[in-house]
Structures are given as C-alpha cells and as structure tokens.
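Data file: start38.cif. Format and content: mmCIF, C-alpha atoms.
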```
data_structure
#
loop_
_atom_site.group_PDB
_atom_site.id
_atom_site.type_symbol
_atom_site.label_atom_id
_atom_site.label_comp_id
_atom_site.auth_asym_id
_atom_site.auth_seq_id
_atom_site.Cartn_x
_atom_site.Cartn_y
_atom_site.Cartn_z
ATOM 1 C CA MET H 297 -65.336 -16.773 91.572
ATOM 2 C CA PRO H 298 -64.122 -19.803 89.580
ATOM 3 C CA ALA H 299 -62.990 -22.849 91.538
ATOM 4 C CA LEU H 300 -59.290 -23.052 92.286
ATOM 5 C CA PRO H 301 -57.296 -25.507 90.201
ATOM 6 C CA ALA H 302 -55.420 -28.071 92.255
ATOM 7 C CA SER H 303 -52.433 -28.443 89.964
ATOM 8 C CA HIS H 304 -49.160 -27.323 91.551
ATOM 9 C CA PHE H 305 -47.511 -27.623 88.143
ATOM 10 C CA LEU H 306 -50.016 -25.181 86.664
ATOM 11 C CA PHE H 307 -49.289 -22.635 89.407
ATOM 12 C CA MET H 308 -45.586 -22.985 88.721
ATOM 13 C CA VAL H 309 -46.046 -22.590 84.965
ATOM 14 C CA VAL H 310 -48.098 -19.395 85.377
ATOM 15 C CA TYR H 311 -45.579 -18.023 87.875
ATOM 16 C CA ALA H 312 -42.614 -18.824 85.615
ATOM 17 C CA LEU H 313 -44.369 -17.280 82.613
ATOM 18 C CA LEU H 314 -45.179 -13.988 84.342
ATOM 19 C CA VAL H 315 -41.750 -13.626 85.952
ATOM 20 C CA SER H 316 -40.031 -14.404 82.639
ATOM 21 C CA ILE H 317 -42.060 -11.768 80.821
ATOM 22 C CA VAL H 318 -41.292 -9.070 83.400
ATOM 23 C CA PHE H 319 -37.572 -9.869 83.586
ATOM 24 C CA ALA H 320 -37.163 -10.040 79.804
ATOM 25 C CA THR H 321 -38.973 -6.721 79.412
ATOM 26 C CA LEU H 322 -36.722 -5.133 82.019
ATOM 27 C CA LEU H 323 -33.487 -6.522 80.626
ATOM 28 C CA LYS H 324 -33.930 -6.036 76.875
ATOM 29 C CA ASP H 325 -35.034 -3.095 74.763
ATOM 30 C CA GLN H 326 -35.806 -4.698 71.402
ATOM 31 C CA ARG H 327 -39.002 -6.700 71.110
ATOM 32 C CA ARG H 328 -37.300 -9.651 69.417
ATOM 33 C CA ASP H 329 -34.681 -9.828 72.169
ATOM 34 C CA GLN H 330 -37.401 -9.595 74.793
ATOM 35 C CA VAL H 331 -39.323 -12.506 73.287
ATOM 36 C CA MET H 332 -36.202 -14.657 72.968
ATOM 37 C CA THR H 333 -35.054 -13.888 76.502
ATOM 38 C CA ALA H 334 -38.511 -14.557 77.948
ATOM 39 C CA ALA H 335 -38.751 -17.870 76.084
ATOM 40 C CA LYS H 336 -35.295 -18.990 77.247
ATOM 41 C CA MET H 337 -35.971 -17.928 80.819
ATOM 42 C CA PHE H 338 -39.344 -19.663 80.845
ATOM 43 C CA ALA H 339 -37.823 -22.880 79.477
ATOM 44 C CA GLY H 340 -35.067 -22.622 82.076
ATOM 45 C CA PHE H 341 -37.568 -22.245 84.903
ATOM 46 C CA LEU H 342 -39.516 -25.293 83.743
ATOM 47 C CA ALA H 343 -36.404 -27.409 83.190
ATOM 48 C CA ALA H 344 -35.022 -26.448 86.609
ATOM 49 C CA ALA H 345 -38.340 -27.297 88.274
ATOM 50 C CA VAL H 346 -38.448 -30.740 86.670
ATOM 51 C CA VAL H 347 -34.797 -31.458 87.543
ATOM 52 C CA VAL H 348 -35.173 -30.266 91.145
ATOM 53 C CA GLY H 349 -38.433 -32.205 91.405
ATOM 54 C CA TRP H 350 -36.674 -35.417 90.391
ATOM 55 C CA LEU H 351 -33.756 -34.697 92.718
ATOM 56 C CA MET H 352 -36.231 -34.403 95.595
ATOM 57 C CA TYR H 353 -37.924 -37.656 94.624
ATOM 58 C CA PRO H 354 -35.776 -39.902 96.871
ATOM 59 C CA PHE H 355 -36.341 -37.557 99.836
ATOM 60 C CA PRO H 356 -40.083 -37.345 100.444
ATOM 61 C CA LEU H 357 -41.148 -35.040 103.255
ATOM 62 C CA MET Q 135 -4.894 6.881 72.092
ATOM 63 C CA ALA Q 136 -8.618 6.798 71.539
ATOM 64 C CA THR Q 137 -10.611 5.090 74.270
ATOM 65 C CA LYS Q 138 -14.035 3.549 74.057
ATOM 66 C CA SER Q 139 -16.754 5.462 75.821
ATOM 67 C CA THR Q 140 -18.577 3.413 78.427
ATOM 68 C CA THR Q 141 -21.993 3.973 79.951
ATOM 69 C CA ALA Q 142 -20.382 5.266 83.136
ATOM 70 C CA GLU Q 143 -18.346 7.895 81.242
ATOM 71 C CA ARG Q 144 -21.183 9.215 79.122
ATOM 72 C CA PRO Q 145 -22.670 12.480 80.305
ATOM 73 C CA ARG Q 146 -26.037 11.978 81.939
ATOM 74 C CA ALA Q 147 -29.016 14.079 81.112
ATOM 75 C CA GLY Q 148 -30.072 13.986 84.753
ATOM 76 C CA ALA Q 149 -33.392 15.114 86.078
ATOM 77 C CA GLU Q 150 -34.698 17.450 88.701
ATOM 78 C CA PRO Q 151 -35.273 15.850 92.107
ATOM 79 C CA TRP Q 152 -39.000 16.597 92.084
ATOM 80 C CA ARG Q 153 -39.342 14.875 88.711
ATOM 81 C CA LEU Q 154 -37.397 11.841 89.886
ATOM 82 C CA THR Q 155 -39.596 11.643 92.970
ATOM 83 C CA PHE Q 156 -42.732 12.012 90.882
ATOM 84 C CA VAL Q 157 -41.638 9.259 88.480
ATOM 85 C CA CYS Q 158 -40.808 6.882 91.332
ATOM 86 C CA VAL Q 159 -44.022 7.534 93.254
ATOM 87 C CA LEU Q 160 -46.095 7.150 90.105
ATOM 88 C CA ALA Q 161 -44.220 3.950 89.164
ATOM 89 C CA TRP Q 162 -44.895 2.573 92.651
ATOM 90 C CA LEU Q 163 -48.559 3.560 92.607
ATOM 91 C CA ILE Q 164 -49.358 2.306 89.103
ATOM 92 C CA PRO Q 165 -47.015 -0.413 87.812
ATOM 93 C CA GLY Q 166 -45.538 0.663 84.468
ATOM 94 C CA ALA Q 167 -46.735 4.262 84.745
ATOM 95 C CA GLY Q 168 -43.155 5.501 85.238
ATOM 96 C CA HIS Q 169 -42.209 3.992 81.884
ATOM 97 C CA LEU Q 170 -45.360 5.223 80.146
ATOM 98 C CA LEU Q 171 -44.700 8.754 81.417
ATOM 99 C CA GLN Q 172 -41.227 8.670 79.878
ATOM 100 C CA GLY Q 173 -42.340 7.401 76.497
ATOM 101 C CA ARG Q 174 -41.464 3.711 77.012
ATOM 102 C CA ARG Q 175 -44.934 2.646 75.968
ATOM 103 C CA ASP Q 176 -44.314 -1.037 75.234
ATOM 104 C CA LYS Q 177 -42.470 -1.716 78.469
ATOM 105 C CA GLY Q 178 -44.988 0.275 80.472
ATOM 106 C CA LEU Q 179 -47.919 -1.648 79.036
ATOM 107 C CA VAL Q 180 -46.274 -5.008 79.781
ATOM 108 C CA PHE Q 181 -45.731 -4.017 83.422
ATOM 109 C CA LEU Q 182 -49.197 -2.492 83.664
ATOM 110 C CA VAL Q 183 -50.762 -5.808 82.646
ATOM 111 C CA THR Q 184 -48.468 -8.463 84.136
ATOM 112 C CA LEU Q 185 -47.808 -7.130 87.627
ATOM 113 C CA PRO Q 186 -51.420 -6.432 88.690
ATOM 114 C CA LEU Q 187 -52.369 -9.745 87.034
ATOM 115 C CA MET Q 188 -49.802 -11.511 89.182
ATOM 116 C CA PHE Q 189 -51.118 -9.741 92.279
ATOM 117 C CA ALA Q 190 -54.723 -10.655 91.403
ATOM 118 C CA PHE Q 191 -53.655 -14.240 90.851
ATOM 119 C CA GLY Q 192 -52.110 -14.264 94.315
ATOM 120 C CA LEU Q 193 -55.357 -13.032 95.859
ATOM 121 C CA TRP Q 194 -57.331 -15.630 93.928
ATOM 122 C CA LEU Q 195 -55.010 -18.354 95.238
ATOM 123 C CA GLN Q 196 -56.017 -17.351 98.803
ATOM 124 C CA GLY Q 197 -52.739 -15.589 99.549
ATOM 125 C CA ARG Q 198 -52.512 -13.291 102.536
ATOM 126 C CA ILE Q 199 -51.710 -9.604 102.708
ATOM 127 C CA PHE Q 200 -49.383 -9.573 105.707
ATOM 128 C CA PRO Q 201 -49.530 -6.896 108.402
ATOM 129 C CA LEU Q 202 -46.429 -4.842 109.204
ATOM 130 C CA GLU Q 203 -45.439 -6.698 112.371
ATOM 131 C CA TRP Q 204 -41.962 -6.406 113.862
ATOM 132 C CA SER Q 205 -42.546 -9.422 116.107
ATOM 133 C CA ASP Q 206 -42.185 -11.834 113.196
ATOM 134 C CA PRO Q 207 -39.347 -10.744 110.881
ATOM 135 C CA LEU Q 208 -40.404 -13.016 107.997
ATOM 136 C CA VAL Q 209 -43.956 -11.677 108.076
ATOM 137 C CA PHE Q 210 -42.538 -8.151 108.179
ATOM 138 C CA LEU Q 211 -40.362 -8.766 105.131
ATOM 139 C CA GLY Q 212 -43.312 -10.338 103.316
ATOM 140 C CA ALA Q 213 -45.414 -7.307 104.168
ATOM 141 C CA ILE Q 214 -42.753 -4.956 102.738
ATOM 142 C CA ALA Q 215 -42.590 -7.044 99.546
ATOM 143 C CA GLU Q 216 -46.367 -6.971 99.083
ATOM 144 C CA ARG Q 217 -46.428 -3.206 99.528
ATOM 145 C CA GLY Q 218 -44.229 -2.809 96.453
ATOM 146 C CA LEU Q 219 -47.320 -2.730 94.286
ATOM 147 C CA GLY Q 220 -49.023 0.540 95.214
ATOM 148 C CA LEU Q 221 -52.569 0.897 93.979
ATOM 149 C CA PRO Q 222 -53.464 -2.810 93.640
ATOM 150 C CA PHE Q 223 -52.243 -3.332 97.210
ATOM 151 C CA LEU Q 224 -54.180 -0.327 98.536
ATOM 152 C CA ILE Q 225 -57.381 -1.451 96.797
ATOM 153 C CA ALA Q 226 -57.034 -5.014 98.111
ATOM 154 C CA HIS Q 227 -56.219 -3.745 101.602
ATOM 155 C CA LEU Q 228 -59.159 -1.340 101.722
ATOM 156 C CA ALA Q 229 -61.547 -3.958 100.290
ATOM 157 C CA ASP Q 230 -60.469 -6.455 102.976
ATOM 158 C CA MET Q 231 -59.184 -8.871 100.381
ATOM 159 C CA GLY Q 232 -56.125 -11.006 100.960
ATOM 160 C CA LEU Q 233 -57.172 -12.339 104.346
ATOM 161 C CA GLY Q 234 -55.518 -15.621 103.424
ATOM 162 C CA THR Q 235 -56.769 -19.122 104.036
ATOM 163 C CA VAL Q 236 -53.948 -21.011 105.704
ATOM 164 C CA THR Q 237 -55.641 -24.353 105.139
ATOM 165 C CA ALA Q 238 -56.063 -23.766 101.408
ATOM 166 C CA GLN Q 239 -53.842 -25.880 99.203
ATOM 167 C CA SER Q 240 -52.795 -22.830 97.217
ATOM 168 C CA TYR Q 241 -52.099 -20.551 100.216
ATOM 169 C CA GLU Q 242 -48.297 -20.545 99.904
ATOM 170 C CA TYR Q 243 -48.533 -20.128 96.139
ATOM 171 C CA GLY Q 244 -50.793 -17.144 96.660
ATOM 172 C CA ASN Q 245 -48.296 -15.565 99.055
ATOM 173 C CA THR Q 246 -45.495 -16.168 96.578
ATOM 174 C CA PHE Q 247 -47.422 -14.477 93.778
ATOM 175 C CA LEU Q 248 -48.305 -11.500 96.004
ATOM 176 C CA MET Q 249 -44.770 -10.963 97.269
ATOM 177 C CA THR Q 250 -43.090 -11.504 93.916
ATOM 178 C CA SER Q 251 -45.362 -9.009 92.173
ATOM 179 C CA GLY Q 252 -44.362 -6.357 94.726
ATOM 180 C CA LEU Q 253 -40.654 -7.175 94.517
ATOM 181 C CA LEU Q 254 -40.729 -7.088 90.718
ATOM 182 C CA ASN Q 255 -42.358 -3.678 90.866
ATOM 183 C CA PHE Q 256 -39.461 -2.447 93.022
ATOM 184 C CA LEU Q 257 -37.178 -3.427 90.117
ATOM 185 C CA VAL Q 258 -39.499 -1.670 87.673
ATOM 186 C CA ILE Q 259 -39.356 1.486 89.825
ATOM 187 C CA LEU Q 260 -35.533 1.357 89.780
ATOM 188 C CA ASP Q 261 -35.598 0.974 85.992
ATOM 189 C CA ALA Q 262 -37.899 3.986 85.669
ATOM 190 C CA PHE Q 263 -35.534 5.919 87.962
ATOM 191 C CA ASP Q 264 -32.557 5.028 85.740
ATOM 192 C CA ILE Q 265 -34.447 6.169 82.644
ATOM 193 C CA ALA Q 266 -35.357 9.456 84.331
ATOM 194 C CA GLN Q 267 -31.709 9.997 85.203
ATOM 195 C CA GLY Q 268 -30.662 9.415 81.614
ATOM 196 C CA ARG Q 269 -28.724 6.237 82.334
ATOM 197 C CA LYS Q 270 -30.775 4.227 79.854
#
```
As structure tokens, what does this structure read like?
Amino acid sequence: MPALPASHFLFMVVYALLVSIVFATLLKDQRRDQVMTAAKMFAGFLAAAVVVGWLMYPFPL
Amino acid sequence: MATKSTTAERPRAGAEPWRLTFVCVLAWLIPGAGHLLQGRRDKGLVFLVTLPLMFAFGLWLQGRIFPLEWSDPLVFLGAIAERGLGLPFLIAHLADMGLGTVTAQSYEYGNTFLMTSGLLNFLVILDAFDIAQGRK
C-alpha cells in the first residue's frame, strides 16, 4: 500500500472534490449544469476552508 | 383563470411497493445501481465510481468502521452513517478492514470520508426512490 500523504490540505481538496461531484450530480440533470455546479461548489469549499483557516489563525489550539 | 402546474400537482406515475423496495435495497447495496436500473446511466455511473472511491479513501486513511454501540451515541451515529454504503461496507467489515489507527495523523480524515460516503449514499437512495415514484 502506498505511503500516506501528510498534507491536510490535500485531504481536504480530495474530500471537497468528491462531495461536490456527488452533490452536483444529485441536484442537476444536464451535464453542463452538473459541471458548473460542481465547479462552483468545489471553489466554494476551498474558499471557505481558506477563510476559516485564517479566522482560526489567532486562536491556536 | 389558467394556473401553472407545479411538481406537486402533476400526476405521479407511482410504483408498486415491491419495486420501490427493490430499487432502494439495490441502491443501498450498490451505490448508483438504483439509478442505473431506472435508465439514469450517467448519474448511476458517477455514484458507482465516486462513493466507493470515497469509502476506499477513508479506509486507506486509517479510518475506523465503528461498531453499533448504544453506550456511546456519537460512535453509534457514526456507525449508522458508515452502514449507508452497503456492499463496500460489508466487504470491508468481513475482510476486517477499517480497524482504525487512532494515532495515525489521518485517522479523523479517514472517519470523515467513511461516514460521508455512507451519508451521501442515503441521499442517492432517496433520489432513486423519488425517480421510482415518478417525482423526477
């Protein structure tokens, strides 16, 4: 089995990608709409993660 | 005065109870199979690939397949979520995979992938149910 990557960001990107694909496929019927929705959702996930990450910056655990 | 017909007002094709049950059980057992059975090939294929891939990713990240224990409500809820993905869960359970390594850096990520894949498949089952009932 390949060694596990240590990047938390990579895990989050893969997670966001897969969830976006499934949600877009569920919500839309046309392929073009599905692609657009998945892309927007994926970008939203990433943007939210970066924003929340910076908001947590002053409060280290 | 003419009124616009809404989804709720449209007559539904409906389906026999045994067929609805069959679609739901099949959709639970094999992610996307409920859609494939009803001619939604593209959607079915997407679910067939992405959901087991997500589950496999969770196992690879050292996630744990939780036991159905009432004593810890959060573990119980996690266990229900993971059981949303029929066949991949059964295979992993029977093959003693998903033991989980609590000390692994990716442990919580693995759990998240495992639970989310099951929860998403619950949504996919509901979608297949709606299609079988003629709502979509």
Against chain H, which residues of chain Q fall within 10 Å? For each one I want the closest pair of atoms and the distance in Å (one decimal), counting only C-alpha atoms, rows by chain and increasing residue number, as a tab-separated table.
```
residue	atom	partner	partner_atom	distance
Q:Arg174	CA	H:Asp325	CA	9.6
Q:Asp176	CA	H:Arg327	CA	8.8
Q:Lys177	CA	H:Thr321	CA	6.2
Q:Gly178	CA	H:Thr321	CA	9.3
Q:Val180	CA	H:Val318	CA	7.4
Q:Phe181	CA	H:Val318	CA	6.7
Q:Thr184	CA	H:Leu314	CA	6.4
Q:Leu185	CA	H:Val318	CA	8.0
Q:Leu187	CA	H:Leu314	CA	8.8
Q:Met188	CA	H:Leu314	CA	7.1
Q:Phe191	CA	H:Val310	CA	9.3
Q:Gly192	CA	H:Tyr311	CA	9.9
Q:Trp194	CA	H:Leu300	CA	7.8
Q:Leu195	CA	H:Leu300	CA	7.0
Q:Gln196	CA	H:Leu300	CA	9.3
Q:Ala238	CA	H:Leu300	CA	9.7
Q:Gln239	CA	H:Ala302	CA	7.5
Q:Ser240	CA	H:Ala302	CA	7.7
Q:Tyr243	CA	H:Phe307	CA	7.2
Q:Gly244	CA	H:Phe307	CA	9.2
Q:Thr246	CA	H:Tyr311	CA	8.9
Q:Phe247	CA	H:Tyr311	CA	7.1
Q:Thr250	CA	H:Val315	CA	8.4
Q:Ser251	CA	H:Val315	CA	8.5
Q:Leu254	CA	H:Val318	CA	7.6
Q:Asn255	CA	H:Val318	CA	9.3
Q:Leu257	CA	H:Leu322	CA	8.3
Q:Val258	CA	H:Leu322	CA	7.2
Q:Asp261	CA	H:Leu322	CA	7.4
Q:Ala262	CA	H:Leu322	CA	9.9
Q:Lys270	CA	H:Asp325	CA	9.9
```
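Between atom CA of Leu170 of chain Q and atom CA of Met337 of chain H lies a distance of 25.0 Å.
In this structure, atom CA of Arg328 of chain H sits 28.5 Å away from atom CA of Val347 of chain H.
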Open item on the list: For the provided coordinates, the residues matched by the PyMOL selection byres ((chain Q and resi 197-202) around 12) should be stated as a count of residues only.
Closed with: 56
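When atom CA of Thr333 of chain H is paired with atom CA of Ala345 of chain H, their separation reads 18.1 Å.
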Across Q:Gly220, Q:Leu253, Q:Arg269, Q:Val183, the smallest distance to Cys158 of chain Q, with all atoms listed in the file counted, is shown by Q:Gly220
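Distances to Phe305 of chain H were evaluated for H:Val346, H:Val331, H:Gln326, H:Ala339 using all atoms listed in the file, and the minimum falls at H:Val346.
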Gly166 of chain Q proximity check over Q:Ile259, Q:Leu221, Q:Ile265, Q:Leu154, using only C-alpha atoms: winner is Q:Ile259
My structure is short of atoms at segment 329-356 of chain H; please model N, CA and C atoms there, returning them as a PDB file, in the coordinates of the input.
```
ATOM      1  N   ASP H 329     -35.545  -9.381  71.064  1.00  0.00           N
ATOM      2  CA  ASP H 329     -34.681  -9.828  72.169  1.00  0.00           C
ATOM      3  C   ASP H 329     -35.518 -10.166  73.410  1.00  0.00           C
ATOM      4  N   GLN H 330     -36.541  -9.350  73.626  1.00  0.00           N
ATOM      5  CA  GLN H 330     -37.401  -9.595  74.793  1.00  0.00           C
ATOM      6  C   GLN H 330     -38.089 -10.947  74.690  1.00  0.00           C
ATOM      7  N   VAL H 331     -38.613 -11.237  73.489  1.00  0.00           N
ATOM      8  CA  VAL H 331     -39.323 -12.506  73.287  1.00  0.00           C
ATOM      9  C   VAL H 331     -38.375 -13.687  73.463  1.00  0.00           C
ATOM     10  N   MET H 332     -37.180 -13.567  72.867  1.00  0.00           N
ATOM     11  CA  MET H 332     -36.202 -14.657  72.968  1.00  0.00           C
ATOM     12  C   MET H 332     -35.766 -14.875  74.416  1.00  0.00           C
ATOM     13  N   THR H 333     -35.494 -13.776  75.104  1.00  0.00           N
ATOM     14  CA  THR H 333     -35.054 -13.888  76.502  1.00  0.00           C
ATOM     15  C   THR H 333     -36.149 -14.488  77.367  1.00  0.00           C
ATOM     16  N   ALA H 334     -37.393 -14.028  77.151  1.00  0.00           N
ATOM     17  CA  ALA H 334     -38.511 -14.557  77.948  1.00  0.00           C
ATOM     18  C   ALA H 334     -38.695 -16.050  77.685  1.00  0.00           C
ATOM     19  N   ALA H 335     -38.579 -16.450  76.425  1.00  0.00           N
ATOM     20  CA  ALA H 335     -38.751 -17.870  76.084  1.00  0.00           C
ATOM     21  C   ALA H 335     -37.659 -18.728  76.724  1.00  0.00           C
ATOM     22  N   LYS H 336     -36.412 -18.239  76.652  1.00  0.00           N
ATOM     23  CA  LYS H 336     -35.295 -18.990  77.247  1.00  0.00           C
ATOM     24  C   LYS H 336     -35.452 -19.078  78.764  1.00  0.00           C
ATOM     25  N   MET H 337     -35.817 -17.964  79.360  1.00  0.00           N
ATOM     26  CA  MET H 337     -35.971 -17.928  80.819  1.00  0.00           C
ATOM     27  C   MET H 337     -37.098 -18.858  81.266  1.00  0.00           C
ATOM     28  N   PHE H 338     -38.188 -18.823  80.526  1.00  0.00           N
ATOM     29  CA  PHE H 338     -39.344 -19.663  80.845  1.00  0.00           C
ATOM     30  C   PHE H 338     -38.959 -21.144  80.741  1.00  0.00           C
ATOM     31  N   ALA H 339     -38.267 -21.488  79.652  1.00  0.00           N
ATOM     32  CA  ALA H 339     -37.823 -22.880  79.477  1.00  0.00           C
ATOM     33  C   ALA H 339     -36.866 -23.279  80.599  1.00  0.00           C
ATOM     34  N   GLY H 340     -36.011 -22.353  80.988  1.00  0.00           N
ATOM     35  CA  GLY H 340     -35.067 -22.622  82.076  1.00  0.00           C
ATOM     36  C   GLY H 340     -35.769 -22.868  83.396  1.00  0.00           C
ATOM     37  N   PHE H 341     -36.778 -22.057  83.671  1.00  0.00           N
ATOM     38  CA  PHE H 341     -37.568 -22.245  84.903  1.00  0.00           C
ATOM     39  C   PHE H 341     -38.199 -23.638  84.925  1.00  0.00           C
ATOM     40  N   LEU H 342     -38.825 -23.999  83.804  1.00  0.00           N
ATOM     41  CA  LEU H 342     -39.516 -25.293  83.743  1.00  0.00           C
ATOM     42  C   LEU H 342     -38.522 -26.443  83.869  1.00  0.00           C
ATOM     43  N   ALA H 343     -37.409 -26.341  83.142  1.00  0.00           N
ATOM     44  CA  ALA H 343     -36.404 -27.409  83.190  1.00  0.00           C
ATOM     45  C   ALA H 343     -35.852 -27.548  84.611  1.00  0.00           C
ATOM     46  N   ALA H 344     -35.562 -26.414  85.244  1.00  0.00           N
ATOM     47  CA  ALA H 344     -35.022 -26.448  86.609  1.00  0.00           C
ATOM     48  C   ALA H 344     -36.033 -27.077  87.569  1.00  0.00           C
ATOM     49  N   ALA H 345     -37.304 -26.752  87.387  1.00  0.00           N
ATOM     50  CA  ALA H 345     -38.340 -27.297  88.274  1.00  0.00           C
ATOM     51  C   ALA H 345     -38.432 -28.810  88.138  1.00  0.00           C
ATOM     52  N   VAL H 346     -38.357 -29.285  86.896  1.00  0.00           N
ATOM     53  CA  VAL H 346     -38.448 -30.740  86.670  1.00  0.00           C
ATOM     54  C   VAL H 346     -37.217 -31.440  87.261  1.00  0.00           C
ATOM     55  N   VAL H 347     -36.036 -30.853  87.022  1.00  0.00           N
ATOM     56  CA  VAL H 347     -34.797 -31.458  87.543  1.00  0.00           C
ATOM     57  C   VAL H 347     -34.809 -31.480  89.069  1.00  0.00           C
ATOM     58  N   VAL H 348     -35.149 -30.334  89.675  1.00  0.00           N
ATOM     59  CA  VAL H 348     -35.173 -30.266  91.145  1.00  0.00           C
ATOM     60  C   VAL H 348     -36.248 -31.202  91.703  1.00  0.00           C
ATOM     61  N   GLY H 349     -37.370 -31.292  90.984  1.00  0.00           N
ATOM     62  CA  GLY H 349     -38.433 -32.205  91.405  1.00  0.00           C
ATOM     63  C   GLY H 349     -37.951 -33.652  91.453  1.00  0.00           C
ATOM     64  N   TRP H 350     -37.195 -34.044  90.418  1.00  0.00           N
ATOM     65  CA  TRP H 350     -36.674 -35.417  90.391  1.00  0.00           C
ATOM     66  C   TRP H 350     -35.590 -35.622  91.443  1.00  0.00           C
ATOM     67  N   LEU H 351     -34.790 -34.582  91.687  1.00  0.00           N
ATOM     68  CA  LEU H 351     -33.756 -34.697  92.718  1.00  0.00           C
ATOM     69  C   LEU H 351     -34.381 -34.878  94.109  1.00  0.00           C
ATOM     70  N   MET H 352     -35.568 -34.288  94.293  1.00  0.00           N
ATOM     71  CA  MET H 352     -36.231 -34.403  95.595  1.00  0.00           C
ATOM     72  C   MET H 352     -36.971 -35.726  95.741  1.00  0.00           C
ATOM     73  N   TYR H 353     -37.116 -36.438  94.628  1.00  0.00           N
ATOM     74  CA  TYR H 353     -37.924 -37.656  94.624  1.00  0.00           C
ATOM     75  C   TYR H 353     -37.491 -38.679  95.683  1.00  0.00           C
ATOM     76  N   PRO H 354     -36.169 -38.905  95.854  1.00  0.00           N
ATOM     77  CA  PRO H 354     -35.776 -39.902  96.871  1.00  0.00           C
ATOM     78  C   PRO H 354     -35.954 -39.393  98.301  1.00  0.00           C
ATOM     79  N   PHE H 355     -36.238 -38.113  98.488  1.00  0.00           N
ATOM     80  CA  PHE H 355     -36.341 -37.557  99.836  1.00  0.00           C
ATOM     81  C   PHE H 355     -37.739 -37.002 100.107  1.00  0.00           C
ATOM     82  N   PRO H 356     -38.727 -37.857 100.200  1.00  0.00           N
ATOM     83  CA  PRO H 356     -40.083 -37.345 100.444  1.00  0.00           C
ATOM     84  C   PRO H 356     -40.196 -36.754 101.843  1.00  0.00           C
TER      85      PRO H 356
END
```
